[in-house]
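Structure, as structure tokens:
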Amino acid sequence: MRAMYYEAFQATPDIRVLPDPTPTAGGVVIKVEATGLCRSDWHGWMGHDPDIRLPHVPGHELAGKVVAVGKAVRRFREGERVTVPFVSGCGHCGECRSGNSQVCEEQFQPGFTHWGSFAEYVAIDHADHNLVHLPDAIDYATAASLGCRFATSFRAVVDQARVTGGEWVAVHGCGGVGLSAIMIAAALGANPIAIDISPEKLDFAKKMGAVAAINARAVSDVAEAVREITGGGAHASVDALGSPVTCFNSIKNLRRRGRHVQVGLMLADHATPQIPMAQVIGHELEIYGSHGMQAWRYDAMLSMIESGKLAPQKLIGRHIGLEEAVPALTAMDRATELGISVITRF
């Protein structure tokens, strides 16, 4: 198979021909039809993820067709269209049995714990527990864009933040995660506020459903700007970027008994951000993490997409080839493009 491959962190990846994967007894091999390019892949390439063992093939947002099936698989057959959450579970630990595979004690992630989807084929274990059947109405590129950012945002907004109609929702960072959160919050009848330093991204966020936008470079106090717009602070706030500044502001801009959800990764030098703990205590704020979404929870999200209430395809900025993905990955920390890049040519 052709795949993106690197032997050292921060070294420019190559496109190589590598051995095709084979399925385990409980796993499948998927022919990758589309795979999203995500900031998490950049973190992995930088060496920020301890799960990665070199040499490595990145990529964790994927959709495609099952082409090989292990002998113990019961729910999936060759030729079926599928996607998979980027956090996959073992299916037998206490968390998986309780329906919380996103925090499985033995979780695995394509592109991190094993070779991923920046390749023609990828292997996924425990297929019956982790794979999601794709409706025919949802194309592969759209399905791939769900795998990390959109699904993670869906769980963050719907399940963790428990957003309801009429609430104010502050979203810090208008990359793929933030734009997804804005679209989902708007579909729920909430009032999302987009916060970023890019005027172009803020304009795009308004097209995705944001009712207000704040340029963090143009105001002296982001939290105060949110409080002014909302008349007291956001009911829920999402740090979709993952930095000490956005994490602090996301908590600081909440009204009393508000809910903060941390989605953006906080790694390396950003792993221990400052938190306004006096406000957390005095205002009874709630702080949540959000780490992917369970396979069984996809049905609700896919139903909203099929009904037209959600349109994640609007967030796709570019369809690119595997070779183009190399410079796109290595420059991701400096990227200024709108929307999500999806690899659809291998």
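Naming works like this for the structure tokens: A, B, ... for the chains as they're shown, residue 1 at the start of each chain, ligands 1 onward in shown order.
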Tell me, as number ranges by chain, which residues lie within 12 Å of Ala185 (chain A), counting only C-alpha atoms; anything in the same chain fewer than 6 positions away does not count. A: 150, 153-159, 161-171, 178-179, 191-194, 205, 208-211, 235-238, 309-310
Residues flagged alpha helix (DSSP H) by DSSP in region 34-134 of chain A, as number ranges by chain: A: 39-46, 94-97, 127-130
Identify all residues of region 81-325 of chain A in strand (DSSP E) (DSSP on the backbone) and supply them as a ChimeraX atom specification. /A:81-83,121-124,132-133,168-172,191-196,212-215,234-239,254-262,286-289,316-321
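The residue set within 9 Å of Pro55 (chain A), counting only C-alpha atoms and dropping same-chain residues fewer than 5 places from it, reads Tyr5, Tyr6, Glu7 and Ala8 of chain A.
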Print the selection's residues with C-alpha atoms to a file, as a PDB file, in the first residue's frame.
ATOM      1  CA  TYR A   5       5.579   7.385   6.652  1.00  0.00           C
ATOM      2  CA  TYR A   6       8.119   8.914   9.021  1.00  0.00           C
ATOM      3  CA  GLU A   7      10.991   7.413  10.984  1.00  0.00           C
ATOM      4  CA  ALA A   8      11.737  10.372  13.275  1.00  0.00           C
TER       5      ALA A   8
END
Here is a test: counting only C-alpha atoms, which residue of A:Glu78, A:Asp20, A:Asp139, A:Glu106 is nearest to Leu62 (chain A)?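 Of the candidates, the smallest distance to Leu62 (chain A) is held by A:Asp139.
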Out of A:Arg39, A:Arg217, A:His291, A:His56, which residue has the shortest atom-to-atom distance to Trp115 (chain A) when counting only C-alpha atoms? A:His56
What's the 10 Å shell around region 243-258 of chain A, counting only C-alpha atoms, without same-chain residues fewer than 3 positions away, as a compact mmCIF listing (two decimals) with all heavy atoms, in the first residue's frame?
# COMPACT_ATOMS: atom_id res chain seq x y z
N ALA A 161 -21.49 19.39 27.60
CA ALA A 161 -21.97 20.73 27.95
C ALA A 161 -23.48 20.78 28.15
O ALA A 161 -24.00 21.72 28.74
CB ALA A 161 -21.55 21.74 26.88
N TRP A 168 -26.37 30.68 25.67
CA TRP A 168 -25.20 31.28 25.05
C TRP A 168 -24.04 30.29 25.15
O TRP A 168 -23.76 29.76 26.23
CB TRP A 168 -24.82 32.58 25.73
CG TRP A 168 -25.78 33.71 25.46
CD1 TRP A 168 -26.80 34.14 26.25
CD2 TRP A 168 -25.79 34.55 24.30
NE1 TRP A 168 -27.45 35.19 25.66
CE2 TRP A 168 -26.85 35.47 24.46
CE3 TRP A 168 -25.01 34.62 23.14
CZ2 TRP A 168 -27.14 36.45 23.51
CZ3 TRP A 168 -25.30 35.59 22.19
CH2 TRP A 168 -26.36 36.49 22.38
N VAL A 169 -23.36 30.07 24.03
CA VAL A 169 -22.25 29.13 23.99
C VAL A 169 -21.04 29.84 23.38
O VAL A 169 -21.06 30.22 22.21
CB VAL A 169 -22.59 27.88 23.16
CG1 VAL A 169 -21.41 26.91 23.15
CG2 VAL A 169 -23.84 27.19 23.70
N ALA A 170 -19.99 30.02 24.17
CA ALA A 170 -18.76 30.62 23.67
C ALA A 170 -17.86 29.52 23.13
O ALA A 170 -17.67 28.49 23.77
CB ALA A 170 -18.05 31.38 24.79
N VAL A 171 -17.30 29.73 21.93
CA VAL A 171 -16.42 28.74 21.31
C VAL A 171 -15.08 29.42 21.01
O VAL A 171 -15.01 30.33 20.18
CB VAL A 171 -17.03 28.16 20.02
CG1 VAL A 171 -16.06 27.17 19.38
CG2 VAL A 171 -18.36 27.47 20.33
N HIS A 172 -14.06 28.98 21.69
CA HIS A 172 -12.74 29.59 21.57
C HIS A 172 -11.90 28.80 20.57
O HIS A 172 -11.50 27.66 20.83
CB HIS A 172 -12.06 29.60 22.94
CG HIS A 172 -12.77 30.43 23.95
ND1 HIS A 172 -12.36 31.69 24.31
CD2 HIS A 172 -13.91 30.18 24.67
CE1 HIS A 172 -13.20 32.18 25.22
NE2 HIS A 172 -14.14 31.28 25.45
N GLY A 173 -11.66 29.41 19.42
CA GLY A 173 -10.92 28.76 18.34
C GLY A 173 -11.84 28.31 17.23
O GLY A 173 -12.76 27.53 17.48
N ILE A 195 -14.91 32.92 18.73
CA ILE A 195 -13.77 33.69 19.23
C ILE A 195 -12.51 33.18 18.55
O ILE A 195 -12.20 31.98 18.60
CB ILE A 195 -13.64 33.56 20.76
CG1 ILE A 195 -14.93 34.03 21.44
CG2 ILE A 195 -12.44 34.36 21.28
CD1 ILE A 195 -15.21 33.39 22.76
N ASP A 196 -11.78 34.07 17.89
CA ASP A 196 -10.56 33.69 17.17
C ASP A 196 -9.75 34.95 16.93
O ASP A 196 -10.19 36.06 17.26
CB ASP A 196 -10.92 33.00 15.84
CG ASP A 196 -9.80 32.09 15.33
OD1 ASP A 196 -8.81 32.62 14.78
OD2 ASP A 196 -9.91 30.86 15.51
N ALA A 216 -10.02 38.13 19.22
CA ALA A 216 -9.30 38.18 20.49
C ALA A 216 -8.15 39.17 20.48
O ALA A 216 -7.69 39.60 21.55
CB ALA A 216 -8.78 36.78 20.84
N ASP A 221 -9.99 42.28 26.81
CA ASP A 221 -10.40 41.22 27.73
C ASP A 221 -11.48 40.38 27.07
O ASP A 221 -12.63 40.82 26.94
CB ASP A 221 -10.92 41.85 29.03
CG ASP A 221 -11.20 40.82 30.12
OD1 ASP A 221 -11.56 39.68 29.79
OD2 ASP A 221 -11.07 41.18 31.31
N VAL A 222 -11.11 39.19 26.61
CA VAL A 222 -12.05 38.33 25.90
C VAL A 222 -13.22 37.95 26.78
O VAL A 222 -14.39 37.99 26.35
CB VAL A 222 -11.34 37.06 25.37
CG1 VAL A 222 -12.36 36.03 24.88
CG2 VAL A 222 -10.37 37.42 24.26
N ALA A 223 -12.96 37.59 28.03
CA ALA A 223 -14.04 37.17 28.93
C ALA A 223 -15.04 38.29 29.15
O ALA A 223 -16.25 38.07 29.16
CB ALA A 223 -13.46 36.70 30.26
N GLU A 224 -14.54 39.50 29.29
CA GLU A 224 -15.44 40.65 29.49
C GLU A 224 -16.26 40.91 28.23
O GLU A 224 -17.44 41.26 28.30
CB GLU A 224 -14.63 41.89 29.86
CG GLU A 224 -15.48 43.11 30.18
CD GLU A 224 -16.46 42.87 31.32
OE1 GLU A 224 -16.10 42.15 32.27
OE2 GLU A 224 -17.59 43.41 31.24
N ALA A 225 -15.65 40.72 27.06
CA ALA A 225 -16.39 40.89 25.81
C ALA A 225 -17.52 39.88 25.71
O ALA A 225 -18.63 40.20 25.25
CB ALA A 225 -15.44 40.75 24.62
N VAL A 226 -17.28 38.64 26.13
CA VAL A 226 -18.33 37.62 26.13
C VAL A 226 -19.44 38.00 27.10
O VAL A 226 -20.63 37.90 26.79
CB VAL A 226 -17.75 36.23 26.48
CG1 VAL A 226 -18.88 35.21 26.68
CG2 VAL A 226 -16.80 35.76 25.39
N ARG A 227 -19.06 38.45 28.29
CA ARG A 227 -20.06 38.84 29.29
C ARG A 227 -20.93 40.00 28.80
O ARG A 227 -22.14 40.03 29.05
CB ARG A 227 -19.38 39.21 30.61
CG ARG A 227 -18.95 38.01 31.44
CD ARG A 227 -18.58 38.42 32.85
NE ARG A 227 -17.32 39.16 32.88
CZ ARG A 227 -16.13 38.60 33.02
NH1 ARG A 227 -16.03 37.28 33.14
NH2 ARG A 227 -15.03 39.33 33.05
N GLU A 228 -20.32 40.91 28.06
CA GLU A 228 -21.09 42.06 27.54
C GLU A 228 -22.11 41.60 26.50
O GLU A 228 -23.27 42.03 26.51
CB GLU A 228 -20.13 43.08 26.93
CG GLU A 228 -20.83 44.33 26.42
CD GLU A 228 -19.86 45.37 25.91
OE1 GLU A 228 -18.64 45.26 26.19
OE2 GLU A 228 -20.31 46.31 25.21
N THR A 230 -23.44 38.60 26.16
CA THR A 230 -24.40 37.64 26.70
C THR A 230 -25.20 38.17 27.88
O THR A 230 -26.13 37.49 28.35
CB THR A 230 -23.68 36.36 27.16
OG1 THR A 230 -22.73 36.71 28.18
CG2 THR A 230 -22.95 35.70 25.99
N GLY A 231 -24.84 39.33 28.38
CA GLY A 231 -25.54 39.87 29.54
C GLY A 231 -25.23 39.11 30.82
O GLY A 231 -26.12 38.85 31.62
N GLY A 232 -23.95 38.74 30.99
CA GLY A 232 -23.57 38.09 32.23
C GLY A 232 -22.66 36.90 32.08
O GLY A 232 -22.16 36.37 33.08
N GLY A 233 -22.43 36.45 30.87
CA GLY A 233 -21.53 35.32 30.65
C GLY A 233 -22.20 34.17 29.92
O GLY A 233 -23.43 34.06 29.87
N ALA A 234 -21.38 33.30 29.36
CA ALA A 234 -21.89 32.15 28.61
C ALA A 234 -22.41 31.07 29.55
O ALA A 234 -21.87 30.86 30.64
CB ALA A 234 -20.78 31.58 27.73
N HIS A 235 -23.47 30.40 29.12
CA HIS A 235 -23.95 29.24 29.87
C HIS A 235 -22.98 28.07 29.71
O HIS A 235 -22.80 27.28 30.65
CB HIS A 235 -25.33 28.80 29.35
CG HIS A 235 -26.40 29.82 29.53
ND1 HIS A 235 -26.65 30.81 28.61
CD2 HIS A 235 -27.30 29.99 30.54
CE1 HIS A 235 -27.66 31.56 29.03
NE2 HIS A 235 -28.08 31.08 30.20
N ALA A 236 -22.40 27.95 28.53
CA ALA A 236 -21.43 26.89 28.25
C ALA A 236 -20.33 27.48 27.39
O ALA A 236 -20.56 28.41 26.61
CB ALA A 236 -22.09 25.71 27.54
N SER A 237 -19.12 26.94 27.54
CA SER A 237 -17.99 27.44 26.79
C SER A 237 -17.07 26.29 26.43
O SER A 237 -16.85 25.38 27.22
CB SER A 237 -17.22 28.48 27.62
OG SER A 237 -16.24 29.14 26.84
N VAL A 238 -16.55 26.33 25.21
CA VAL A 238 -15.72 25.25 24.69
C VAL A 238 -14.36 25.81 24.29
O VAL A 238 -14.29 26.76 23.49
CB VAL A 238 -16.38 24.58 23.46
CG1 VAL A 238 -15.46 23.52 22.87
CG2 VAL A 238 -17.73 23.99 23.82
N ASP A 239 -13.30 25.26 24.85
CA ASP A 239 -11.96 25.57 24.34
C ASP A 239 -11.67 24.57 23.23
O ASP A 239 -11.32 23.41 23.48
CB ASP A 239 -10.91 25.47 25.43
CG ASP A 239 -9.50 25.74 24.89
OD1 ASP A 239 -9.37 26.14 23.72
OD2 ASP A 239 -8.53 25.53 25.65
N ALA A 240 -11.82 25.02 22.01
CA ALA A 240 -11.65 24.16 20.85
C ALA A 240 -10.23 24.21 20.29
O ALA A 240 -9.92 23.46 19.37
CB ALA A 240 -12.64 24.55 19.76
N VAL A 261 -16.02 23.07 28.70
CA VAL A 261 -15.59 21.79 28.14
C VAL A 261 -14.26 21.99 27.43
O VAL A 261 -14.14 22.82 26.53
CB VAL A 261 -16.63 21.22 27.15
CG1 VAL A 261 -16.18 19.86 26.64
CG2 VAL A 261 -17.99 21.09 27.83
N GLN A 262 -13.27 21.21 27.83
CA GLN A 262 -11.96 21.26 27.22
C GLN A 262 -11.87 20.20 26.13
O GLN A 262 -11.91 19.00 26.42
CB GLN A 262 -10.86 21.03 28.26
CG GLN A 262 -9.45 21.24 27.73
CD GLN A 262 -9.19 22.68 27.34
OE1 GLN A 262 -9.63 23.62 28.03
NE2 GLN A 262 -8.52 22.89 26.22
N VAL A 263 -11.77 20.64 24.89
CA VAL A 263 -11.64 19.73 23.76
C VAL A 263 -10.25 19.83 23.15
O VAL A 263 -9.61 18.81 22.85
CB VAL A 263 -12.70 20.02 22.68
CG1 VAL A 263 -12.55 19.07 21.51
CG2 VAL A 263 -14.10 19.91 23.26
N GLY A 264 -9.74 21.05 22.97
CA GLY A 264 -8.41 21.24 22.41
C GLY A 264 -7.36 20.58 23.29
O GLY A 264 -7.40 20.71 24.52
N LEU A 265 -6.44 19.86 22.66
CA LEU A 265 -5.41 19.15 23.41
C LEU A 265 -4.48 20.12 24.13
O LEU A 265 -4.12 21.17 23.60
CB LEU A 265 -4.59 18.27 22.47
CG LEU A 265 -5.34 17.11 21.81
CD1 LEU A 265 -4.42 16.38 20.83
CD2 LEU A 265 -5.87 16.14 22.86
N MET A 266 -4.10 19.76 25.34
CA MET A 266 -3.16 20.55 26.14
C MET A 266 -1.95 19.67 26.40
O MET A 266 -1.91 18.90 27.38
CB MET A 266 -3.82 20.98 27.45
CG MET A 266 -5.12 21.76 27.28
SD MET A 266 -4.86 23.42 26.64
CE MET A 266 -4.29 24.26 28.09
N LEU A 267 -0.95 19.77 25.54
CA LEU A 267 0.20 18.88 25.58
C LEU A 267 1.49 19.67 25.75
O LEU A 267 1.50 20.90 25.66
CB LEU A 267 0.27 18.04 24.31
CG LEU A 267 -0.97 17.18 23.99
CD1 LEU A 267 -0.85 16.56 22.61
CD2 LEU A 267 -1.16 16.10 25.05
N ASP A 269 4.35 21.87 26.67
CA ASP A 269 4.45 23.02 27.57
C ASP A 269 3.10 23.56 28.00
O ASP A 269 3.02 24.39 28.91
CB ASP A 269 5.25 24.15 26.90
CG ASP A 269 6.70 23.77 26.65
OD1 ASP A 269 7.18 22.84 27.33
OD2 ASP A 269 7.34 24.38 25.78
N HIS A 270 2.02 23.14 27.35
CA HIS A 270 0.68 23.64 27.66
C HIS A 270 -0.10 22.71 28.59
O HIS A 270 -1.28 22.92 28.83
CB HIS A 270 -0.12 23.82 26.37
CG HIS A 270 0.40 24.92 25.51
ND1 HIS A 270 -0.08 25.15 24.24
CD2 HIS A 270 1.38 25.83 25.70
CE1 HIS A 270 0.57 26.17 23.69
NE2 HIS A 270 1.45 26.60 24.57
N ALA A 271 0.55 21.71 29.12
CA ALA A 271 -0.16 20.64 29.85
C ALA A 271 -0.74 21.07 31.19
O ALA A 271 -1.65 20.43 31.71
CB ALA A 271 0.76 19.44 30.04
N THR A 272 -0.23 22.15 31.79
CA THR A 272 -0.71 22.57 33.12
C THR A 272 -1.11 24.05 33.09
O THR A 272 -0.41 24.91 33.62
CB THR A 272 0.36 22.33 34.19
OG1 THR A 272 1.59 22.98 33.80
CG2 THR A 272 0.62 20.84 34.38
N PRO A 273 -2.26 24.37 32.48
CA PRO A 273 -2.67 25.77 32.35
C PRO A 273 -3.17 26.35 33.68
O PRO A 273 -3.59 25.62 34.58
CB PRO A 273 -3.81 25.70 31.33
CG PRO A 273 -4.41 24.35 31.56
CD PRO A 273 -3.23 23.45 31.87
N GLN A 274 -3.13 27.67 33.75
CA GLN A 274 -3.69 28.38 34.90
C GLN A 274 -5.21 28.35 34.82
O GLN A 274 -5.79 28.49 33.75
CB GLN A 274 -3.21 29.83 34.90
CG GLN A 274 -3.72 30.65 36.07
CD GLN A 274 -3.28 32.11 35.99
OE1 GLN A 274 -2.67 32.52 35.00
NE2 GLN A 274 -3.57 32.88 37.01
N ILE A 275 -5.86 28.14 35.95
CA ILE A 275 -7.32 28.09 36.02
C ILE A 275 -7.79 29.08 37.09
O ILE A 275 -7.22 29.11 38.18
CB ILE A 275 -7.82 26.67 36.38
CG1 ILE A 275 -7.51 25.70 35.23
CG2 ILE A 275 -9.31 26.64 36.68
CD1 ILE A 275 -7.83 24.26 35.54
N PRO A 276 -8.83 29.89 36.82
CA PRO A 276 -9.36 30.82 37.84
C PRO A 276 -10.18 30.05 38.88
O PRO A 276 -11.41 30.08 38.89
CB PRO A 276 -10.21 31.78 37.02
CG PRO A 276 -10.64 30.99 35.83
CD PRO A 276 -9.50 30.05 35.53
N MET A 277 -9.48 29.37 39.78
CA MET A 277 -10.15 28.43 40.68
C MET A 277 -11.09 29.11 41.66
O MET A 277 -12.12 28.52 42.05
CB MET A 277 -9.10 27.61 41.45
CG MET A 277 -9.69 26.43 42.22
SD MET A 277 -10.69 25.30 41.18
CE MET A 277 -9.39 24.49 40.25
N GLN A 279 -13.10 31.49 41.02
CA GLN A 279 -14.36 31.62 40.29
C GLN A 279 -15.04 30.26 40.14
O GLN A 279 -16.26 30.15 40.26
CB GLN A 279 -14.12 32.23 38.92
CG GLN A 279 -15.38 32.44 38.09
CD GLN A 279 -15.10 33.01 36.71
OE1 GLN A 279 -13.99 33.46 36.44
NE2 GLN A 279 -16.09 32.98 35.85
N VAL A 280 -14.25 29.22 39.88
CA VAL A 280 -14.82 27.88 39.76
C VAL A 280 -15.57 27.51 41.04
O VAL A 280 -16.70 27.00 41.00
CB VAL A 280 -13.71 26.84 39.48
CG1 VAL A 280 -14.27 25.42 39.55
CG2 VAL A 280 -13.08 27.09 38.11
N ILE A 281 -14.97 27.81 42.19
CA ILE A 281 -15.60 27.48 43.47
C ILE A 281 -16.77 28.40 43.77
O ILE A 281 -17.89 27.95 44.05
CB ILE A 281 -14.55 27.56 44.60
CG1 ILE A 281 -13.43 26.54 44.38
CG2 ILE A 281 -15.23 27.33 45.97
CD1 ILE A 281 -12.23 26.75 45.26
N GLY A 282 -16.51 29.70 43.72
CA GLY A 282 -17.52 30.68 44.12
C GLY A 282 -18.75 30.69 43.24
O GLY A 282 -19.86 30.97 43.71
N HIS A 283 -18.58 30.39 41.94
CA HIS A 283 -19.70 30.41 41.00
C HIS A 283 -20.20 29.01 40.65
O HIS A 283 -21.03 28.86 39.77
CB HIS A 283 -19.30 31.15 39.73
CG HIS A 283 -19.08 32.62 39.93
ND1 HIS A 283 -18.75 33.46 38.89
CD2 HIS A 283 -19.15 33.40 41.04
CE1 HIS A 283 -18.61 34.70 39.35
NE2 HIS A 283 -18.84 34.68 40.65
N GLU A 284 -19.67 28.00 41.32
CA GLU A 284 -20.06 26.61 41.09
C GLU A 284 -19.99 26.24 39.61
O GLU A 284 -20.94 25.72 39.02
CB GLU A 284 -21.47 26.33 41.64
CG GLU A 284 -21.53 26.34 43.16
CD GLU A 284 -22.83 25.78 43.70
OE1 GLU A 284 -23.78 25.56 42.91
OE2 GLU A 284 -22.90 25.56 44.92
N LEU A 285 -18.84 26.52 39.02
CA LEU A 285 -18.65 26.18 37.62
C LEU A 285 -18.37 24.69 37.46
O LEU A 285 -17.85 24.04 38.37
CB LEU A 285 -17.49 26.99 37.02
CG LEU A 285 -17.57 28.51 37.15
CD1 LEU A 285 -16.39 29.16 36.46
CD2 LEU A 285 -18.89 29.03 36.59
N GLU A 286 -18.71 24.16 36.30
CA GLU A 286 -18.44 22.76 35.98
C GLU A 286 -17.37 22.71 34.89
O GLU A 286 -17.45 23.44 33.90
CB GLU A 286 -19.70 22.06 35.50
CG GLU A 286 -20.84 22.07 36.52
CD GLU A 286 -22.10 21.44 35.97
OE1 GLU A 286 -22.01 20.31 35.42
OE2 GLU A 286 -23.17 22.07 36.06
N ILE A 287 -16.37 21.85 35.08
CA ILE A 287 -15.28 21.70 34.11
C ILE A 287 -15.25 20.25 33.64
O ILE A 287 -15.17 19.33 34.45
CB ILE A 287 -13.93 22.09 34.73
CG1 ILE A 287 -13.95 23.57 35.16
CG2 ILE A 287 -12.80 21.84 33.74
CD1 ILE A 287 -12.65 24.04 35.81
List the spatial neighbours of region 330-346 of chain A as an MDAnalysis selection string - criterion: any atom at most 6 Å away, only C-alpha atoms, same-chain residues fewer than 5 positions off excluded. chainID A and resid 34:37 176 315:322
Can you pull out the residues contacting region 302-306 of chain A? Cut-off 9 Å, using only C-alpha atoms, and skip same-chain residues under 6 positions away; I want them as number ranges by chain. A: 134-135, 137-138, 187, 312
